[in-house]
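What follows is a set of notes on a single structure, which appears directly below.
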Amino acid sequence: MITPILSVAGFAIAASASPLLSDLQSSSSLFTRATGCPISVASCQNTTVQTNSCCFEAPGGQLLQTQFWDTNPSLGPSNSWTIHGLCNTANSFICDGTWDEFCDPSREYPSITTVLNNNGKADLLAYMNTYWLSNDGDNESFWEHEWNKHGTCMSTLKPTCLPSGSKTGLDAANYFQATIDLFKTLDTYSTLAAAGIYPSSSTTFTLSQLTTAVKAKFGYTPAFDCKSGAVNAISYYFNLKGSVIDGTWVPINAPKAGTCPSTGIKYLPKSGGSTPTSSTAGTAPTAVPSRSTVTVTRSGGTSTGCLLSYGTWSTQTCATMTATTSGNGFILTSSKGKCAIVSGALSCDSSVSSATVFTATSSSGKLLLTYGGSTAFTADSVPSGTTQVTLYSGSARSQDVTLAIIAV
């Protein structure tokens with residue numbers, strides 16, 4: 001059977017491998033070859049020698065992205081894990097979990113900040129300063145270490161694989177772009193929250209609860225690591241078809257378990273963070289009206305339209321939504337059916353089999369709809385007249401909005 005491929009702006013993932021993969025938001029590649037790499041065999045899955053090292057990651061065909069959950073000190077947003085890096089393991093045939101390190105001292109650039117700015121990646125740099133943080137405050141040295149240790153060992157990023165005349169450091173800029181693009185598809189906080197798993201100072205979880213929640217979304221089992229009984233890292237594993245720059249990430253089960261115990265795992269809140277609280281079953285949570293409309297406010301503060309009964313954004317007559325408690329949050333239902341985030345998009349329909357559990361956040365006198373700890377929603381355009389626009393969770397599209405719950 002041929003695996004369908006999802007390709008977005010030069011970045012692709014095997015679409016049938018996992019339900020999470022459809023959540024990939026559009027992101028621009030720094031560079032896409034004129035011909036690209038043919039989609040053929042995945043690293044670590046080849047049965048013959050592959051000779052084009054610009055289109056086949058070797059040695060090091062088993063790749064992993066590790067994310068941190070740091071609480072002491074607290075790093076990054078309270079509703080997001082942060083990035084450790086992207087590394088590749090060594091032998092492309094055995095794929096045994098070992099890895100090469102510090103493969104090319106000549107490409108150990110003195111400043112990643114300069115490399116990114118020189119390659120037109122100021123926006124990427126700003127994102128990294130929010131989500132790729134060092135626990136000693138020296139982000140630059142942390143990035144340099146990850147590139148020097150792991151990035152220089154990736155065969156598909158070698159300068160000989162780039163167009164002639166490329167700017168110095170484009171290989172490293174491609175590494176950081178690919179790492180961020182992949183991170184954006186792996187929203188660990190929202191995935192756990194969708195299963196009712198939130199940071200807590202008192203509640204503990206089993207390893208099975210954590211891995212089951214991620215596998216339900218991602219399709220494959222990650223590895224969780226713990227320190228002093230508290231979860232502090234997760235690793236997602238992949239093989240790769242083509243190049244790190246614009247290839248196809250093929251998820252795989254973690255080849256080895258992490259360090260977390262089977263029970264009694266703490267998922268501690270970051271300082272300044274908040275954890276949704278439970279409420280009486282059968283009624284809307286405290287301060288959330290049982291019947292409401294949901295209005296849309298654009299990033300500049302302009303209120304424009306509201307949700308219709310299918311969960312779309314429009315300037316037409318607002319739909320009335322009903323809120324009922326579920327676990328630590330609430331479910332929204334319109335006349336068309338239950339509401340859910342499906343492949344990243346908000347939808348209310350009778351075909352929704354598993355409604356999303358939302359929470360609410362009070363901000364500037366408004367009660368904002370919250371998904372996975374974030375009030376951020378986004379769209380590709382602003383509706384007018386009778387047009388309807390799909391809303392997505394997160395902030396990866398051109399129109400960033402918040403959704404206010406208004407009692408009726």
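Letters A, B, ... go to the chains of the structure tokens in the order shown; residues in each chain start at 1; ligands are counted from 1 in the same order.
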So that I can check the surroundings of Leu63 in chain A, please list as number ranges by chain every protein, DNA and RNA residue that reaches within 7 Å of it, counting only C-alpha atoms and ignoring chain neighbours fewer than 3 positions away.
A: 87-89, 237-239
For Ala360 in chain A, work out the shell of residues within 8 Å, counting only C-alpha atoms and skipping chain neighbours fewer than 3 positions away, then give it as a short mmCIF file (atom, residue, chain, number, x, y, z; two decimals) with N, CA, C and O atoms, in the first residue's frame.
data_model
loop_
_atom_site.label_atom_id
_atom_site.label_comp_id
_atom_site.auth_asym_id
_atom_site.auth_seq_id
_atom_site.Cartn_x
_atom_site.Cartn_y
_atom_site.Cartn_z
N VAL A 288 -18.81 30.34 33.46
CA VAL A 288 -19.14 30.04 32.07
C VAL A 288 -20.65 29.88 31.94
O VAL A 288 -21.24 28.99 32.56
N GLY A 329 -13.18 20.77 32.37
CA GLY A 329 -13.61 21.87 31.51
C GLY A 329 -15.05 21.74 31.11
O GLY A 329 -15.90 21.29 31.90
N LEU A 367 -14.49 36.73 28.98
CA LEU A 367 -14.29 35.31 29.26
C LEU A 367 -13.94 34.65 27.93
O LEU A 367 -14.77 34.54 27.03
N LEU A 368 -12.68 34.23 27.80
CA LEU A 368 -12.17 33.76 26.51
C LEU A 368 -12.17 32.24 26.44
O LEU A 368 -11.75 31.56 27.37
N LEU A 369 -12.63 31.73 25.31
CA LEU A 369 -12.58 30.30 25.06
C LEU A 369 -11.11 29.87 25.00
O LEU A 369 -10.29 30.51 24.33
N THR A 370 -10.79 28.78 25.67
CA THR A 370 -9.41 28.34 25.82
C THR A 370 -9.29 26.87 25.43
O THR A 370 -10.09 26.03 25.87
#
Pick from A:Thr221, A:Thr317, A:Thr312, A:Thr356, whichever lies nearest to Ser208 in chain A using only C-alpha atoms:
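Among the listed residues, the smallest separation from Ser208 in chain A belongs to A:Thr221.
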Contacts of Lys241 in chain A at 6 Å or less, counting only C-alpha atoms, minus same-chain residues fewer than 6 places along, as number ranges by chain?
A: 42, 247-248
All residues 8 Å or closer to range 132-141 of chain A, only C-alpha atoms, same chain fewer than 6 positions away omitted, as a PyMOL selection string:
chain A and resi 73+75-76+82-84+111-113
Looking only at alpha helix (DSSP H) from DSSP on the backbone, list the matching residues of range 212-405 of chain A as a ChimeraX atom specification.
/A:212-218
Could you check how far CA of Thr211 in chain A sits from CA of Gly258 in chain A, in Å to one decimal?
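CA of Gly258 in chain A lies at a distance of 10.9 Å from CA of Thr211 in chain A.
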Ranking A:Gly85, A:Gly365, A:Gly311, A:Gly372 by minimum distance to Leu182 in chain A and counting only C-alpha atoms, which one comes first?
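Checking each candidate against Leu182 in chain A, we get A:Gly85 as the closest.
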Can you tell me, as a VMD selection string, what residues are no more than 12 Å from range 142-147 of chain A when counting only C-alpha atoms, ignoring any on the same chain fewer than 6 positions away?
chain A and resid 65 to 66 83 to 88 101 to 105 107 to 116 125 128 to 129 131 to 136 153 to 154 157 169 171 to 177 179
